[in-house]
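> Contents of entry_27.cif (mmCIF, C-alpha atoms):
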```
data_input
loop_
_atom_site.group_PDB
_atom_site.id
_atom_site.type_symbol
_atom_site.label_atom_id
_atom_site.label_comp_id
_atom_site.auth_asym_id
_atom_site.auth_seq_id
_atom_site.Cartn_x
_atom_site.Cartn_y
_atom_site.Cartn_z
ATOM 1 C CA MET V 55 -4.527 20.317 -48.363
ATOM 2 C CA GLU V 56 -2.485 22.192 -45.796
ATOM 3 C CA TRP V 57 0.581 21.495 -47.942
ATOM 4 C CA LEU V 58 -0.470 24.225 -50.402
ATOM 5 C CA LYS V 59 -0.131 27.051 -47.893
ATOM 6 C CA GLN V 60 3.323 25.828 -46.875
ATOM 7 C CA LYS V 61 4.426 25.574 -50.480
ATOM 8 C CA LEU V 62 3.406 29.137 -51.270
ATOM 9 C CA ARG V 63 5.276 30.479 -48.253
ATOM 10 C CA ASN V 64 8.558 29.027 -49.424
ATOM 11 C CA ARG V 65 11.019 31.349 -51.104
ATOM 12 C CA SER V 66 12.246 30.222 -54.508
ATOM 13 C CA GLU V 67 13.384 31.513 -57.847
ATOM 14 C CA VAL V 68 10.994 33.437 -60.088
ATOM 15 C CA LEU V 69 9.867 31.379 -63.085
ATOM 16 C CA GLU V 70 11.699 32.311 -66.273
ATOM 17 C CA ASP V 71 8.624 31.464 -68.363
ATOM 18 C CA PRO V 72 5.437 32.300 -66.390
ATOM 19 C CA ILE V 73 3.168 31.461 -69.346
ATOM 20 C CA LYS V 74 2.986 27.763 -68.466
ATOM 21 C CA TYR V 75 2.043 28.634 -64.888
ATOM 22 C CA ARG V 76 -0.691 31.027 -65.983
ATOM 23 C CA SER V 77 -2.024 28.472 -68.448
ATOM 24 C CA LEU V 78 -2.223 25.728 -65.822
ATOM 25 C CA VAL V 79 -3.770 27.908 -63.122
ATOM 26 C CA GLY V 80 -6.226 29.356 -65.646
ATOM 27 C CA GLY V 81 -7.430 25.831 -66.373
ATOM 28 C CA LEU V 82 -7.674 25.068 -62.644
ATOM 29 C CA LEU V 83 -9.690 28.242 -62.084
ATOM 30 C CA TYR V 84 -12.121 27.164 -64.791
ATOM 31 C CA LEU V 85 -12.626 23.793 -63.102
ATOM 32 C CA ALA V 86 -13.031 25.452 -59.688
ATOM 33 C CA VAL V 87 -15.765 27.724 -61.016
ATOM 34 C CA MET V 88 -17.630 25.123 -63.069
ATOM 35 C CA THR V 89 -17.464 21.659 -61.475
ATOM 36 C CA ARG V 90 -14.859 21.366 -58.694
ATOM 37 C CA PRO V 91 -15.693 23.694 -55.799
ATOM 38 C CA ASP V 92 -13.368 21.674 -53.547
ATOM 39 C CA ILE V 93 -10.311 23.298 -55.172
ATOM 40 C CA ALA V 94 -11.694 26.843 -55.217
ATOM 41 C CA ALA V 95 -9.620 28.097 -52.255
ATOM 42 C CA CYS V 96 -6.384 26.552 -53.568
ATOM 43 C CA THR V 97 -6.785 27.934 -57.065
ATOM 44 C CA ALA V 98 -7.706 31.367 -55.708
ATOM 45 C CA ILE V 99 -4.406 31.424 -53.785
ATOM 46 C CA LEU V 100 -2.479 30.277 -56.849
ATOM 47 C CA GLY V 101 -4.186 32.941 -58.947
ATOM 48 C CA ARG V 102 -2.681 35.668 -56.784
ATOM 49 C CA LYS V 103 0.780 34.735 -58.091
ATOM 50 C CA PHE V 104 0.207 35.496 -61.767
ATOM 51 C CA SER V 105 2.416 38.584 -61.808
ATOM 52 C CA GLU V 106 5.450 36.951 -60.180
ATOM 53 C CA ALA V 107 5.096 33.189 -60.028
ATOM 54 C CA ARG V 108 7.914 31.234 -58.386
ATOM 55 C CA GLU V 109 9.101 27.647 -58.598
ATOM 56 C CA ALA V 110 7.253 26.829 -55.367
ATOM 57 C CA ASP V 111 4.023 28.144 -56.885
ATOM 58 C CA TRP V 112 4.552 25.995 -59.962
ATOM 59 C CA THR V 113 5.116 22.935 -57.745
ATOM 60 C CA ALA V 114 1.956 23.719 -55.767
ATOM 61 C CA ALA V 115 -0.078 24.056 -58.967
ATOM 62 C CA LYS V 116 1.148 20.659 -60.146
ATOM 63 C CA LEU V 117 0.163 19.149 -56.798
ATOM 64 C CA VAL V 118 -3.393 20.432 -57.290
ATOM 65 C CA LEU V 119 -3.337 18.868 -60.761
ATOM 66 C CA ARG V 120 -2.151 15.588 -59.221
ATOM 67 C CA PHE V 121 -5.000 15.771 -56.696
ATOM 68 C CA LEU V 122 -7.495 16.201 -59.547
ATOM 69 C CA SER V 123 -5.971 13.252 -61.366
ATOM 70 C CA GLY V 124 -6.512 11.092 -58.291
ATOM 71 C CA THR V 125 -10.121 12.240 -57.942
ATOM 72 C CA LYS V 126 -11.072 12.413 -61.630
ATOM 73 C CA ASP V 127 -14.057 10.113 -61.060
ATOM 74 C CA TYR V 128 -15.684 12.584 -58.659
ATOM 75 C CA TYR V 129 -18.635 14.527 -60.003
ATOM 76 C CA LEU V 130 -20.964 17.151 -58.606
ATOM 77 C CA GLN V 131 -24.297 15.591 -57.687
ATOM 78 C CA LEU V 132 -27.282 17.917 -57.860
ATOM 79 C CA GLY V 133 -30.867 17.584 -56.697
ATOM 80 C CA GLY V 134 -32.374 15.059 -54.320
ATOM 81 C CA THR V 135 -34.436 17.326 -52.065
ATOM 82 C CA PRO V 136 -36.809 19.332 -54.291
ATOM 83 C CA GLU V 137 -38.557 21.029 -51.368
ATOM 84 C CA GLU V 138 -35.347 22.486 -49.915
ATOM 85 C CA ALA V 139 -35.336 26.281 -50.061
ATOM 86 C CA LEU V 140 -32.379 28.492 -50.919
ATOM 87 C CA LEU V 141 -29.773 28.162 -48.139
ATOM 88 C CA GLY V 142 -26.474 30.008 -47.752
ATOM 89 C CA HIS V 143 -23.272 29.565 -45.742
ATOM 90 C CA SER V 144 -20.852 32.452 -45.241
ATOM 91 C CA ASP V 145 -17.365 32.378 -43.720
ATOM 92 C CA ALA V 146 -14.078 34.271 -43.682
ATOM 93 C CA ASP V 147 -10.455 33.461 -42.931
ATOM 94 C CA TRP V 148 -9.051 36.412 -41.009
ATOM 95 C CA ALA V 149 -5.735 37.800 -42.350
ATOM 96 C CA GLY V 150 -5.036 34.529 -44.107
ATOM 97 C CA ASP V 151 -2.871 36.031 -46.851
ATOM 98 C CA PRO V 152 0.683 36.018 -45.407
ATOM 99 C CA ASP V 153 1.825 38.808 -47.739
ATOM 100 C CA SER V 154 -1.003 41.360 -47.709
ATOM 101 C CA ARG V 155 -2.700 40.194 -44.469
ATOM 102 C CA ARG V 156 -6.044 40.439 -46.227
ATOM 103 C CA SER V 157 -8.841 38.061 -45.324
ATOM 104 C CA THR V 158 -10.589 35.613 -47.641
ATOM 105 C CA THR V 159 -14.338 35.504 -48.179
ATOM 106 C CA GLY V 160 -16.021 32.180 -48.822
ATOM 107 C CA PHE V 161 -19.683 31.433 -49.408
ATOM 108 C CA VAL V 162 -21.822 28.677 -50.885
ATOM 109 C CA PHE V 163 -25.535 28.408 -51.674
ATOM 110 C CA SER V 164 -27.673 25.327 -52.119
ATOM 111 C CA PHE V 165 -31.169 24.857 -53.491
ATOM 112 C CA GLY V 166 -33.260 21.742 -53.910
ATOM 113 C CA GLY V 167 -30.584 19.460 -52.486
ATOM 114 C CA GLY V 168 -27.646 20.678 -54.584
ATOM 115 C CA ILE V 169 -25.226 23.594 -54.573
ATOM 116 C CA LEU V 170 -25.701 26.216 -57.279
ATOM 117 C CA SER V 171 -23.327 29.051 -56.358
ATOM 118 C CA TRP V 172 -19.984 29.345 -54.538
ATOM 119 C CA ALA V 173 -17.028 31.701 -54.329
ATOM 120 C CA SER V 174 -13.609 32.097 -52.759
ATOM 121 C CA ARG V 175 -12.086 35.560 -53.059
ATOM 122 C CA ARG V 176 -9.664 37.810 -51.230
ATOM 123 C CA GLN V 177 -11.205 40.862 -49.591
ATOM 124 C CA SER V 178 -10.335 44.280 -50.968
ATOM 125 C CA SER V 179 -8.706 45.644 -47.810
ATOM 126 C CA VAL V 180 -7.176 44.579 -44.502
ATOM 127 C CA LYS V 181 -9.675 44.005 -41.696
ATOM 128 C CA LEU V 182 -8.885 44.748 -38.073
ATOM 129 C CA SER V 183 -10.679 41.784 -36.503
ATOM 130 C CA SER V 184 -12.202 38.416 -37.343
ATOM 131 C CA MET V 185 -15.645 39.922 -36.683
ATOM 132 C CA GLU V 186 -15.068 42.595 -39.310
ATOM 133 C CA ALA V 187 -13.795 40.030 -41.826
ATOM 134 C CA GLU V 188 -16.901 37.910 -41.222
ATOM 135 C CA TYR V 189 -19.058 41.028 -41.573
ATOM 136 C CA VAL V 190 -17.618 41.784 -45.000
ATOM 137 C CA ALA V 191 -18.087 38.138 -46.037
ATOM 138 C CA LEU V 192 -21.734 38.333 -44.976
ATOM 139 C CA SER V 193 -22.121 41.480 -47.046
ATOM 140 C CA GLU V 194 -20.843 39.741 -50.169
ATOM 141 C CA ALA V 195 -22.966 36.665 -49.471
ATOM 142 C CA SER V 196 -26.037 38.880 -48.989
ATOM 143 C CA GLN V 197 -25.546 40.445 -52.405
ATOM 144 C CA GLU V 198 -25.353 36.953 -53.899
ATOM 145 C CA THR V 199 -28.529 36.013 -52.002
ATOM 146 C CA LEU V 200 -30.406 38.938 -53.508
ATOM 147 C CA TRP V 201 -29.339 37.977 -57.019
ATOM 148 C CA LEU V 202 -30.171 34.278 -56.542
ATOM 149 C CA ARG V 203 -33.620 35.054 -55.131
ATOM 150 C CA GLN V 204 -34.364 37.167 -58.206
ATOM 151 C CA LEU V 205 -32.982 34.490 -60.536
ATOM 152 C CA LEU V 206 -35.093 31.771 -58.928
ATOM 153 C CA SER V 207 -38.129 34.025 -59.145
ATOM 154 C CA ASP V 208 -37.534 34.432 -62.880
ATOM 155 C CA PHE V 209 -37.596 30.626 -63.184
ATOM 156 C CA GLY V 210 -40.857 30.362 -61.270
ATOM 157 C CA GLU V 211 -39.238 29.297 -57.967
ATOM 158 C CA THR V 212 -40.127 32.366 -55.905
ATOM 159 C CA GLN V 213 -38.718 32.222 -52.380
ATOM 160 C CA LYS V 214 -41.656 33.151 -50.175
ATOM 161 C CA GLN V 215 -39.713 32.897 -46.915
ATOM 162 C CA PRO V 216 -36.521 34.760 -45.943
ATOM 163 C CA THR V 217 -33.365 32.977 -47.077
ATOM 164 C CA VAL V 218 -31.397 31.482 -44.189
ATOM 165 C CA LEU V 219 -27.777 32.625 -44.218
ATOM 166 C CA ARG V 220 -25.588 30.670 -41.806
ATOM 167 C CA GLU V 221 -22.655 32.212 -39.960
ATOM 168 C CA ASP V 222 -20.249 30.712 -37.398
ATOM 169 C CA ASN V 223 -18.978 33.898 -35.730
ATOM 170 C CA GLN V 224 -20.991 34.720 -32.604
ATOM 171 C CA GLY V 225 -19.514 38.212 -32.371
ATOM 172 C CA CYS V 226 -20.643 39.008 -35.902
ATOM 173 C CA LEU V 227 -24.174 37.806 -35.207
ATOM 174 C CA ALA V 228 -24.301 39.818 -31.972
ATOM 175 C CA PHE V 229 -23.244 42.922 -33.900
ATOM 176 C CA PHE V 230 -26.339 42.688 -36.104
ATOM 177 C CA GLN V 231 -28.593 42.496 -33.060
ATOM 178 C CA LYS V 232 -27.353 45.844 -31.776
ATOM 179 C CA GLU V 233 -29.057 49.009 -32.950
ATOM 180 C CA ARG V 234 -26.030 51.208 -32.396
ATOM 181 C CA THR V 235 -22.420 51.037 -33.526
ATOM 182 C CA SER V 236 -19.372 51.084 -31.274
ATOM 183 C CA ARG V 237 -15.923 52.556 -31.696
ATOM 184 C CA ARG V 238 -14.811 49.158 -33.011
ATOM 185 C CA SER V 239 -17.398 49.048 -35.775
ATOM 186 C CA LYS V 240 -18.175 52.654 -36.738
ATOM 187 C CA HIS V 241 -15.572 52.598 -39.502
ATOM 188 C CA THR V 242 -17.366 49.857 -41.472
ATOM 189 C CA ASN V 243 -18.172 50.786 -45.022
ATOM 190 C CA THR V 244 -21.709 51.904 -45.802
ATOM 191 C CA ARG V 245 -21.975 49.455 -48.709
ATOM 192 C CA GLU V 246 -21.551 46.628 -46.235
ATOM 193 C CA ARG V 247 -24.706 47.728 -44.420
ATOM 194 C CA ILE V 248 -26.715 45.818 -46.995
ATOM 195 C CA VAL V 249 -26.987 42.942 -44.523
ATOM 196 C CA HIS V 250 -28.916 45.146 -42.076
ATOM 197 C CA GLU V 251 -31.217 46.313 -44.850
ATOM 198 C CA LEU V 252 -31.978 42.821 -46.152
ATOM 199 C CA CYS V 253 -32.624 41.559 -42.627
ATOM 200 C CA ALA V 254 -35.042 44.436 -42.049
ATOM 201 C CA LYS V 255 -36.836 43.642 -45.320
ATOM 202 C CA LYS V 256 -36.994 39.966 -44.320
ATOM 203 C CA GLU V 257 -35.134 38.953 -47.442
ATOM 204 C CA ILE V 258 -32.611 37.058 -45.324
ATOM 205 C CA VAL V 259 -32.389 35.750 -41.778
ATOM 206 C CA LEU V 260 -29.079 35.059 -40.046
ATOM 207 C CA GLU V 261 -28.568 31.756 -38.283
ATOM 208 C CA TYR V 262 -25.672 30.440 -36.219
ATOM 209 C CA CYS V 263 -23.797 27.414 -37.517
ATOM 210 C CA SER V 264 -21.010 25.655 -35.608
ATOM 211 C CA THR V 265 -17.566 25.874 -37.184
ATOM 212 C CA ASP V 266 -17.276 22.115 -37.710
ATOM 213 C CA GLN V 267 -20.433 22.240 -39.853
ATOM 214 C CA MET V 268 -19.624 25.499 -41.649
ATOM 215 C CA LEU V 269 -19.616 24.381 -45.272
ATOM 216 C CA ALA V 270 -18.132 27.674 -46.500
ATOM 217 C CA ASP V 271 -14.937 26.953 -44.526
ATOM 218 C CA ILE V 272 -13.610 24.969 -47.496
ATOM 219 C CA PHE V 273 -13.677 28.180 -49.565
ATOM 220 C CA THR V 274 -11.598 30.293 -47.170
ATOM 221 C CA LYS V 275 -8.353 28.329 -46.800
ATOM 222 C CA PRO V 276 -6.651 24.998 -47.539
ATOM 223 C CA LEU V 277 -7.825 22.353 -45.067
ATOM 224 C CA GLY V 278 -6.422 19.104 -43.744
ATOM 225 C CA PRO V 279 -7.383 15.847 -45.520
ATOM 226 C CA GLN V 280 -10.044 14.729 -43.040
ATOM 227 C CA LYS V 281 -11.890 18.038 -42.904
ATOM 228 C CA HIS V 282 -11.509 18.611 -46.623
ATOM 229 C CA ASP V 283 -13.035 15.221 -47.427
ATOM 230 C CA MET V 284 -15.935 15.844 -45.042
ATOM 231 C CA PHE V 285 -16.830 19.175 -46.643
ATOM 232 C CA ARG V 286 -16.290 17.745 -50.133
ATOM 233 C CA GLU V 287 -18.977 15.138 -49.465
ATOM 234 C CA MET V 288 -21.262 17.798 -48.006
ATOM 235 C CA LEU V 289 -20.860 19.757 -51.252
ATOM 236 C CA GLY V 290 -22.105 16.741 -53.187
ATOM 237 C CA LEU V 291 -18.784 15.771 -54.806
ATOM 238 C CA LYS V 292 -18.826 11.984 -54.877
ATOM 239 C CA GLU V 293 -17.632 9.092 -57.001
#
```
Do you think you could lay out the structure here as structure tokens?


Amino acid sequence: MEWLKQKLRNRSEVLEDPIKYRSLVGGLLYLAVMTRPDIAACTAILGRKFSEAREADWTAAKLVLRFLSGTKDYYLQLGGTPEEALLGHSDADWAGDPDSRRSTTGFVFSFGGGILSWASRRQSSVKLSSMEAEYVALSEASQETLWLRQLLSDFGETQKQPTVLREDNQGCLAFFQKERTSRRSKHTNTRERIVHELCAKKEIVLEYCSTDQMLADIFTKPLGPQKHDMFREMLGLKE
């Protein structure tokens, strides 16, 4: 779905009636949150254009709708591995927004053989390196981990072992192994230190995951057809 990024970069006339665009993208956002995680990144990008949607944005939104029409028989399959513990994947696309240069956080969690939580959202400020963008993404994913562990506990599925949180940035993982900060990392926000705290409490454990197997990559940016289809199947979206 690399076409979406190219469409949004094109300059075109501002829509005279943005209501139809907002209505369509609102419906796409609902689907992305409820049953179609494979379009989460695309709809998140489209949602950033609510205030000043252009003709190119409207065309891109219709292309997403056409994609859904062609895959309307796909459904999210849950379950299959009851003994599988809570597992998370966290990723970030560094400076992926061509206008604001902000990065995009993406994460996904699975439990018992099916995914139960995912998100694709733009980070609140510009990050100076890919490591820092990944660090912020891990912080957001860690907060989701804490909430999911409590939710599962309320349903009688207490997670007795630390939750594995997978990350594909070696520099980010190395940063957590250091006990001191450097001039490149001392400016990180204190609220993002939650990852250190949860690791120390053994609530989570970080684990390296190669980029080609990083499931959260589909939530950070539009991907090419082959990679998109691979991650879609890994998410459990099948005919």

> Point out the residue among V:Glu106, V:Asp147, V:Glu221, V:Asp92 with the least atom-to-atom distance to Arg76 (chain V), counting all atoms listed in the file.

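Of all the options, V:Glu106 lies closest to Arg76 (chain V).
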
> Once the PyMOL selection byres ((chain V and resi 253-267) around 7) has been evaluated on this model, what residues remain selected, and can you format them as a ChimeraX atom specification?

/V:216-222,249-252,268-269

> Next, the residues of the selection above should be written as a PDB file, in the frame of the given file with C-alpha atoms.


```pdb
ATOM      1  CA  PRO V 216     -36.521  34.760 -45.943  1.00  0.00           C
ATOM      2  CA  THR V 217     -33.365  32.977 -47.077  1.00  0.00           C
ATOM      3  CA  VAL V 218     -31.397  31.482 -44.189  1.00  0.00           C
ATOM      4  CA  LEU V 219     -27.777  32.625 -44.218  1.00  0.00           C
ATOM      5  CA  ARG V 220     -25.588  30.670 -41.806  1.00  0.00           C
ATOM      6  CA  GLU V 221     -22.655  32.212 -39.960  1.00  0.00           C
ATOM      7  CA  ASP V 222     -20.249  30.712 -37.398  1.00  0.00           C
ATOM      8  CA  VAL V 249     -26.987  42.942 -44.523  1.00  0.00           C
ATOM      9  CA  HIS V 250     -28.916  45.146 -42.076  1.00  0.00           C
ATOM     10  CA  GLU V 251     -31.217  46.313 -44.850  1.00  0.00           C
ATOM     11  CA  LEU V 252     -31.978  42.821 -46.152  1.00  0.00           C
ATOM     12  CA  MET V 268     -19.624  25.499 -41.649  1.00  0.00           C
ATOM     13  CA  LEU V 269     -19.616  24.381 -45.272  1.00  0.00           C
TER      14      LEU V 269
END
```

> Which residue is closest to Gly150 (chain V)? Choose from V:Gln197, V:Thr97, V:Gln177, V:Ser105 and count only C-alpha atoms.

V:Gln177

> Around (-8.5, 28.3, -56.5) in the file's frame, which residues reach within 12 Å when counting only C-alpha atoms? Return as a PDB file with C-alpha atoms, in the coordinates of the input?


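selection-v3.pdb, freshly written:
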```pdb
ATOM      1  CA  LEU V  58      -0.470  24.225 -50.402  1.00  0.00           C
ATOM      2  CA  LEU V  78      -2.223  25.728 -65.822  1.00  0.00           C
ATOM      3  CA  VAL V  79      -3.770  27.908 -63.122  1.00  0.00           C
ATOM      4  CA  GLY V  80      -6.226  29.356 -65.646  1.00  0.00           C
ATOM      5  CA  GLY V  81      -7.430  25.831 -66.373  1.00  0.00           C
ATOM      6  CA  LEU V  82      -7.674  25.068 -62.644  1.00  0.00           C
ATOM      7  CA  LEU V  83      -9.690  28.242 -62.084  1.00  0.00           C
ATOM      8  CA  TYR V  84     -12.121  27.164 -64.791  1.00  0.00           C
ATOM      9  CA  LEU V  85     -12.626  23.793 -63.102  1.00  0.00           C
ATOM     10  CA  ALA V  86     -13.031  25.452 -59.688  1.00  0.00           C
ATOM     11  CA  VAL V  87     -15.765  27.724 -61.016  1.00  0.00           C
ATOM     12  CA  MET V  88     -17.630  25.123 -63.069  1.00  0.00           C
ATOM     13  CA  ARG V  90     -14.859  21.366 -58.694  1.00  0.00           C
ATOM     14  CA  PRO V  91     -15.693  23.694 -55.799  1.00  0.00           C
ATOM     15  CA  ASP V  92     -13.368  21.674 -53.547  1.00  0.00           C
ATOM     16  CA  ILE V  93     -10.311  23.298 -55.172  1.00  0.00           C
ATOM     17  CA  ALA V  94     -11.694  26.843 -55.217  1.00  0.00           C
ATOM     18  CA  ALA V  95      -9.620  28.097 -52.255  1.00  0.00           C
ATOM     19  CA  CYS V  96      -6.384  26.552 -53.568  1.00  0.00           C
ATOM     20  CA  THR V  97      -6.785  27.934 -57.065  1.00  0.00           C
ATOM     21  CA  ALA V  98      -7.706  31.367 -55.708  1.00  0.00           C
ATOM     22  CA  ILE V  99      -4.406  31.424 -53.785  1.00  0.00           C
ATOM     23  CA  LEU V 100      -2.479  30.277 -56.849  1.00  0.00           C
ATOM     24  CA  GLY V 101      -4.186  32.941 -58.947  1.00  0.00           C
ATOM     25  CA  ARG V 102      -2.681  35.668 -56.784  1.00  0.00           C
ATOM     26  CA  LYS V 103       0.780  34.735 -58.091  1.00  0.00           C
ATOM     27  CA  ALA V 114       1.956  23.719 -55.767  1.00  0.00           C
ATOM     28  CA  ALA V 115      -0.078  24.056 -58.967  1.00  0.00           C
ATOM     29  CA  VAL V 118      -3.393  20.432 -57.290  1.00  0.00           C
ATOM     30  CA  LEU V 119      -3.337  18.868 -60.761  1.00  0.00           C
ATOM     31  CA  THR V 158     -10.589  35.613 -47.641  1.00  0.00           C
ATOM     32  CA  GLY V 160     -16.021  32.180 -48.822  1.00  0.00           C
ATOM     33  CA  TRP V 172     -19.984  29.345 -54.538  1.00  0.00           C
ATOM     34  CA  ALA V 173     -17.028  31.701 -54.329  1.00  0.00           C
ATOM     35  CA  SER V 174     -13.609  32.097 -52.759  1.00  0.00           C
ATOM     36  CA  ARG V 175     -12.086  35.560 -53.059  1.00  0.00           C
ATOM     37  CA  ARG V 176      -9.664  37.810 -51.230  1.00  0.00           C
ATOM     38  CA  ILE V 272     -13.610  24.969 -47.496  1.00  0.00           C
ATOM     39  CA  PHE V 273     -13.677  28.180 -49.565  1.00  0.00           C
ATOM     40  CA  THR V 274     -11.598  30.293 -47.170  1.00  0.00           C
ATOM     41  CA  LYS V 275      -8.353  28.329 -46.800  1.00  0.00           C
ATOM     42  CA  PRO V 276      -6.651  24.998 -47.539  1.00  0.00           C
TER      43      PRO V 276
END
```

> Can you list what the PyMOL selection byres ((chain V and resi 128-144) around 7) grabs from this structure, as a PyMOL selection string?

chain V and resi 89+125-127+145+160-169+191-192+195+217-221+268-270+290-293

> Figure out the distance between CA of Ile248 (chain V) and CA of Arg203 (chain V), please, to one decimal in Å.

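So the answer is 15.2 Å.
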
> When you draw a straight line from CA of Lys181 (chain V) to CA of Pro279 (chain V), how long is it in Å?

28.5 Å

> Convert the output of the PyMOL selection byres ((chain V and resi 74) around 12) on the shown file into explicit residues, formatted as a PyMOL selection string.

chain V and resi 69-73+75-81+104+107-109+111-113+115-116

> Calculate how many Å separate CA of Asp151 (chain V) from CA of Met185 (chain V), rounding to one decimal.

16.8 Å

> Given 4 Å of margin on each side, can you work out the centre and size in Å (one decimal) of an axis-aligned box holding every listed atom of region 94-104 of chain V, as lines of an AutoDock Vina configuration file?


```
center_x = -5.5
center_y = 31.1
center_z = -57.0
size_x = 20.5
size_y = 17.1
size_z = 17.5
```

> Would you mind telling me which residue in V:Arg120, V:Gln204, V:Leu227, V:Ala110 lies nearest to Glu67 (chain V) when using all atoms listed in the file?

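Smallest distance to Glu67 (chain V) is found for V:Ala110.
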